[in-house]
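J.: So that we are looking at the same thing, I have put the structure below in C-alpha cells.
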Amino acid sequence: MPSSQTPPAGSTALDPTAIRPAIDDARIIRTSPAALRDELIALRGAGYAMLSDVGGVDYLAREPRFDVVYHLLKLELNGARAHRVRVLCGVPGVEPVVPTVSDLWPSADWAEREVYDLFGISFSGHPDLRRIQMPAEWEGHPLRKDYPLRGPARERTPRPSFALKSNVAAGTPAAGKTAAALQRQIAAARGQATVGSAAADELAAEPNAARGAQLPKDGSK
Amino acid sequence: MVPAPAGALTMDVVEHENNRMVLSMGPQHPSTHGVLQVITEIEGEVVTRAEPEIGYLHTGIEKSAENLFWTQASTVIERMDYLSPLSNALCYILGVEKLLGVTELIPERAQQVRVLLCELSRIASHCVWLGTGGIDLGAISSFFYAFDMRERILDLNELAGGARMHPNYLRIGGLRDDLPAGFLERLDALIAMYRPRMTELRALLQKNPILQDRMIDIGIISADDAIAWGVTGPSLRAAGVAYDVRRAFPYSGYENYDFNVVTRTEGDAYARFLVRLDEMDESMRIIEQVRKNLVGGPIMADDTKFTPPPKETIAVSMEALIHHFKYVSESFRVPPGDVYTAVEGPRGELGYYIVSNGDNRPWRVRTRPASLYNLQILKKIAVGELIADMVVMIGSLDPVFGEVDR
C-alpha cells in the first residue's frame with residue numbers, strides 16, 4: 001500500500017503555499033539555494049537574530065520538489081515589536097543540495113542534520129552531516145512522500161499482528177489471529193500443555209501455533 | 001551508512017593524546033531524563049568536548065500525522081512533549097484554525113479553558129522538572145512534594161478529558177465537552193494548596209546550600225549565545241532576554257491576562273531554576289484570573305463545516321447522524337496553504353509549520369521542538385565543566401525526549 005498521500009501518477013505540480021489565503025503569521029520570502037545565504041545574511045543584518053527553525057517539505061510532483069523552510073525571529077528588543085519571517089528555499093528533487101547556515105547560526109546544526117536525515121537534502125559545508133534521528137545504517141529518507149508509511153521492508157510483507165518475535169523471525173504470517181489463538185500460541189511456544197480437547201483441536205488446526213511450539217527458544221520472552 | 005566526518009566525536013574513538021578519554025553517558029542513565037546519550041571527551045574530570053546523541057525515541061510522529069485526518073493528528077501530536085500534551089495540541093489546533101480562517105469563531109469559554117489547562121500543564125511539567133531535578137542533586141524529598149501536586153493536576157486532566165496524560169480534550173473549533181461537574185471545586189482545592197506547597201518546596205530547595213553549590217555558575221548561557229543557538233523559554237529568560245510567545249505573539253486571549261515575564265541575568269543553572277519557580281507562580285496567577293472571570297456559553301464554534309454535531313442530536317436527527325458519520329469517516333477539508341503557529345510551552349517556543357493541500361489530511365506537520373534547540377547548546381556549555389556537573393546542566397535545560405526525537 002503506498003502512502004495514502006501519494007498523488008496519482010501524472011498529477012500536476014502542487015504547491016499549496018502559492019495559493020494560500022492571507023494569514024498574518026510571518027512575512028514570506030522565496031529564494032533559491034544559490035541566493036539563500038545572501039538572503040539570510042541580509043535578514044540577520046536587519047535584526048532577525050534568531051533562526052527559530054529549519055524544516056523541510058516534500059511536494060513530490062512539483063518542480064523544484066522540496067522546500068527547505070527557515071523561520072527567523074526578530075526579538076522584541078529596544079521597543080521594537082517581535083517579527084517572524086519565513087524563507088522558503090526551493091530545492092530540486094535530483095541531487096538536492098543547499099548551502100549550510102550552521103556557521104551563521106549554531107542552531108541550524110541539528111536542524112539541518114534532521115532535514116538531511118528525513119528528506120535526504122544535503123547541506124554543503126555542514127561540519128558533521130550525518131543521520132540524527134534514524135539509525136546510521138538506515139536506508140531511505142522517511143519523510144519523503146514516496147517513502148511508504150510503514151517503511152519499504154514491511155510494505156512487502158503482510159502486516160503481522162502483535163505476534164511472537166520467534167514467529168516473525170521464522171517468517172510466519174500471523175495476521176488475523178484472535179486473542180485466544182495468540183494465547184494458545186504463546187502457551188505452546190513455552191512448552192505448556194493446553195487444557196481442554198476443544199482447545200487442542202483448534203491448536204491442531206492452527207499450523208502457526210504448531211510451528212511456534214517447534215521453534216527454538218531464542219530468548220525472546 | 002554515512003561515516004562520521006573526520007574529527008567527529010564518536011564512541012569509536014578510543015585513544016587520544018594528552019591523557020584524554022572518551023566516555024559515554026547514557027543512553028540508559030537515570031539522570032538524562034529519557035534516552036539521551038552524551039559522548040564526552042574528558043581530561044581528568046573536566047569535559048573537553050561533548051556530543052549529545054539523540055534519536056533513540058524517534059517514533060515518526062510527523063510521518064504518522066501526515067497519514068491521519070486533521071482531527072486524528074492531534075492525538076499523536078499530543079504524545080510529542082508528553083509532560084505538557086495540551087500545549088502541543090493547542091499549538092497544532094491553533095494552526096489548523098488559522099488555515100481554516102476560523103480563529104475568530106472560537107467561543108470565549110473554550111479559549112479560557114484552553115488557557116486554564118495549558119497553564120495547569122505548565123505547572124505539572126515544571127513539577128516533574130523540579131522533582132527529578134531535585135533527585136539528580138540528591139534532594140529526594142522534593143520529588144514527593146512536587147509529584148503529589150502534579151498528580152492533582154493530572155486528576156483534573158482526567159476529569160476533563162478522561163485520561164491523565166493525553167486527554168485529547170482540545171478540539172479543532174473548541175473543546176470536546178464542557179468542564180464536568182466537580183471540576184471547578186477540585187480546581188479551587190488545587191489553587192488553595194498551591195501556595196503553601198510552593199512555600200514548602202522553596203524552603204526545601206531554594207536556599208539549600210548544597211543545591212546552590214551545585215547550580216550557581218554552572219552551565220552559563222549568555223544572552224547572545226542563547227539567541228544564536230535558538231534557545232527559548234526559561235533558559236532564554238534566565239539569560240536576560242524577555243522573550244515569551246504569550247507576550248510577543250498573544251494567542252487564545254493571553255493579552256487579557258496580567259502576568260510577568262520573569263527574567264534573570266545570570267544565565268546559570270540556578271537562574272534557570274529560579275525562573276521556572278517564579279514562572280509557576282505566574283502560571284498560577286493566570287489560572288486564578290481565568291477562574292475568577294470564567295464565562296458561560298458554548299464550548300464549540302458554531303460552524304458545522306469543521307465541528308461534529310452535538311451528541312444528543314444524533315439519536316433524533318437523520319441529518320445529524322449523516323453529518324456525524326461523514327465527520328468521523330472522512331473528516332473535513334482544510335483550504336490549501338501553510339501556516340506557522342507558536343505557543344509558549346513549558347520548555348519554550350513550541351511551533352508547528354503546517355501545510356495543507358486542500359485534503360482531509362495534513363500534507364506536512366513540522367514541529368519546532370523547543371527541547372531540541374535547548375538541548376543542542378549542551379555541546380557548548382558542557383566544555384570546561386566537571387563531568388559531574390553534566391547532570392545539573394541537562395536537568396537545568398529540561399529536555400523531554402518525546403519532543404526532541406518525535
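Note on naming: chains are A, B, ... as they come in the C-alpha cells, residues start from 1 per chain, ligands start from 1 in the order shown.
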DSSP on the backbone: which residues in stretch 38-121 of chain A end up as helix (DSSP H, G or I)? Give the answer as a list in words.
T.: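 Taking stretch 38-121 of chain A and keeping helix (DSSP H, G or I) gives Asp38, Glu39, Leu40, Ile41, Ala42, Leu43, Arg44, Gly45, Ala108, Asp109, Trp110, Ala111, Glu112, Arg113, Glu114, Val115, Tyr116, Asp117, Leu118 and Phe119 of chain A.
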J.: Tell me, as number ranges by chain, which residues lie within 10 Å of stretch 238-243 of chain B, counting only C-alpha atoms; anything in the same chain fewer than 5 positions away does not count.
T.: A: 75-77, 82; B: 220-227, 231-233, 248-249, 260-276, 344, 348-349
J.: Can you check which residues of chain B have any atom within 8 Å of chain A? Use only C-alpha atoms and format it as an NGL selection string.
T.: :B and (1-5 or 8 or 53-56 or 58 or 62-64 or 66-67 or 98-99 or 227-230 or 242-243 or 248-249 or 335-341 or 355-358 or 363-364 or 366 or 368 or 373 or 376 or 405)
J.: Restrict the selected residues to N, CA and C atoms and save them as a CSV table (one decimal), in the first residue's frame.
T.:
```csv
chain,number,residue,atom,x,y,z
B,1,MET,N,25.7,3.4,4.9
B,1,MET,CA,26.0,4.1,6.1
B,1,MET,C,26.9,5.2,5.9
B,2,VAL,N,26.5,6.3,6.5
B,2,VAL,CA,27.3,7.6,6.3
B,2,VAL,C,28.4,7.6,7.4
B,3,PRO,N,29.7,7.5,7.0
B,3,PRO,CA,30.7,7.6,8.1
B,3,PRO,C,30.7,8.9,8.7
B,4,ALA,N,31.0,9.0,10.0
B,4,ALA,CA,31.1,10.3,10.7
B,4,ALA,C,32.3,11.0,10.1
B,5,PRO,N,32.2,12.3,9.9
B,5,PRO,CA,33.3,13.0,9.3
B,5,PRO,C,34.5,13.0,10.3
B,8,ALA,N,34.9,14.1,14.1
B,8,ALA,CA,33.6,14.0,14.9
B,8,ALA,C,33.9,13.1,16.1
B,53,GLU,N,23.9,12.6,21.6
B,53,GLU,CA,23.4,11.7,20.5
B,53,GLU,C,21.9,11.5,20.8
B,54,ILE,N,21.1,11.9,19.9
B,54,ILE,CA,19.6,11.8,20.1
B,54,ILE,C,19.0,10.8,19.1
B,55,GLY,N,17.7,10.7,19.2
B,55,GLY,CA,17.1,9.8,18.2
B,55,GLY,C,16.7,8.5,18.7
B,56,TYR,N,17.0,8.2,19.9
B,56,TYR,CA,16.6,6.9,20.5
B,56,TYR,C,15.1,6.7,20.7
B,58,HIS,N,12.9,8.1,18.6
B,58,HIS,CA,12.2,8.6,17.3
B,58,HIS,C,11.1,7.6,17.0
B,62,GLU,N,5.7,12.8,13.0
B,62,GLU,CA,5.3,13.8,11.9
B,62,GLU,C,4.9,13.0,10.7
B,63,LYS,N,5.5,11.8,10.4
B,63,LYS,CA,5.0,11.0,9.3
B,63,LYS,C,3.6,10.4,9.6
B,64,SER,N,3.4,10.0,10.8
B,64,SER,CA,2.1,9.5,11.2
B,64,SER,C,1.0,10.5,11.0
B,66,GLU,N,0.9,12.9,9.0
B,66,GLU,CA,0.5,13.2,7.5
B,66,GLU,C,-0.5,12.1,7.0
B,67,ASN,N,-0.6,11.0,7.7
B,67,ASN,CA,-1.4,10.0,7.2
B,67,ASN,C,-2.7,9.8,8.1
B,98,LYS,N,-6.2,28.6,12.1
B,98,LYS,CA,-5.8,29.7,11.2
B,98,LYS,C,-5.9,29.3,9.8
B,99,LEU,N,-5.6,28.1,9.4
B,99,LEU,CA,-5.7,27.7,8.0
B,99,LEU,C,-7.2,27.7,7.6
B,227,ILE,N,20.5,33.3,21.9
B,227,ILE,CA,19.8,33.7,20.7
B,227,ILE,C,20.4,33.0,19.5
B,228,ALA,N,21.7,32.9,19.5
B,228,ALA,CA,22.3,32.2,18.3
B,228,ALA,C,22.0,30.8,18.2
B,229,TRP,N,21.9,30.1,19.4
B,229,TRP,CA,21.6,28.7,19.4
B,229,TRP,C,20.1,28.4,19.4
B,230,GLY,N,19.3,29.4,19.3
B,230,GLY,CA,17.8,29.1,19.3
B,230,GLY,C,17.2,28.7,20.6
B,242,ALA,N,13.9,38.9,27.5
B,242,ALA,CA,12.5,38.8,27.9
B,242,ALA,C,11.6,38.4,26.7
B,243,TYR,N,11.8,37.2,26.2
B,243,TYR,CA,11.0,36.8,25.1
B,243,TYR,C,10.1,35.7,25.5
B,248,ALA,N,4.8,38.2,23.1
B,248,ALA,CA,5.2,38.7,21.8
B,248,ALA,C,4.2,38.4,20.7
B,249,PHE,N,3.6,37.2,20.8
B,249,PHE,CA,2.6,36.9,19.8
B,249,PHE,C,1.4,36.3,20.5
B,335,PRO,N,-8.6,24.4,3.6
B,335,PRO,CA,-8.1,25.1,2.4
B,335,PRO,C,-6.6,25.0,2.3
B,336,PRO,N,-6.1,25.0,1.0
B,336,PRO,CA,-4.6,24.9,0.8
B,336,PRO,C,-3.9,26.1,1.4
B,337,GLY,N,-2.7,25.9,1.9
B,337,GLY,CA,-2.0,27.0,2.5
B,337,GLY,C,-1.0,26.5,3.5
B,338,ASP,N,-0.2,27.4,4.0
B,338,ASP,CA,0.8,27.0,5.0
B,338,ASP,C,0.8,28.0,6.1
B,339,VAL,N,1.0,27.6,7.3
B,339,VAL,CA,1.0,28.5,8.5
B,339,VAL,C,2.0,28.0,9.5
B,340,TYR,N,2.5,29.0,10.2
B,340,TYR,CA,3.4,28.7,11.3
B,340,TYR,C,2.7,29.3,12.6
B,341,THR,N,2.5,28.4,13.6
B,341,THR,CA,1.9,28.9,14.8
B,341,THR,C,2.9,28.5,15.9
B,355,VAL,N,1.3,22.5,6.6
B,355,VAL,CA,1.0,22.7,5.2
B,355,VAL,C,-0.3,21.9,4.8
B,356,SER,N,-1.2,22.5,4.2
B,356,SER,CA,-2.4,21.8,3.7
B,356,SER,C,-2.5,21.9,2.2
B,357,ASN,N,-2.8,20.8,1.5
B,357,ASN,CA,-3.0,20.9,0.1
B,357,ASN,C,-4.5,20.8,-0.3
B,358,GLY,N,-5.4,21.1,0.7
B,358,GLY,CA,-6.8,21.1,0.5
B,358,GLY,C,-7.5,19.7,0.7
B,363,TRP,N,-0.8,17.9,4.8
B,363,TRP,CA,0.3,17.5,3.9
B,363,TRP,C,1.6,17.4,4.6
B,364,ARG,N,1.8,18.3,5.6
B,364,ARG,CA,3.1,18.3,6.3
B,364,ARG,C,2.8,18.9,7.7
B,366,ARG,N,5.3,20.1,10.5
B,366,ARG,CA,6.7,20.2,11.0
B,366,ARG,C,6.6,20.8,12.4
B,368,ARG,N,8.5,22.6,15.6
B,368,ARG,CA,9.6,23.4,16.0
B,368,ARG,C,9.8,23.0,17.5
B,373,TYR,N,16.3,22.4,20.4
B,373,TYR,CA,17.2,23.5,20.3
B,373,TYR,C,17.8,23.8,21.7
B,376,GLN,N,20.6,21.4,22.3
B,376,GLN,CA,21.8,21.5,21.5
B,376,GLN,C,22.9,22.3,22.1
B,405,ASP,N,13.0,13.8,19.9
B,405,ASP,CA,13.1,12.8,18.9
B,405,ASP,C,11.9,12.6,18.0
```
J.: What residues in stretch 98-276 of chain B get the DSSP label strand (DSSP E or B)? Please answer as JSON, numbers by chain.
T.: {"B": [170, 171, 174, 175]}
J.: When you look at B:Glu41 with a cut-off of 9 Å (counting only C-alpha atoms), what residues show up, excluding the ones that are within fewer than 6 positions of it in the same chain? I need them as a PyMOL selection string.
T.: chain B and resi 9+20-24+47-51
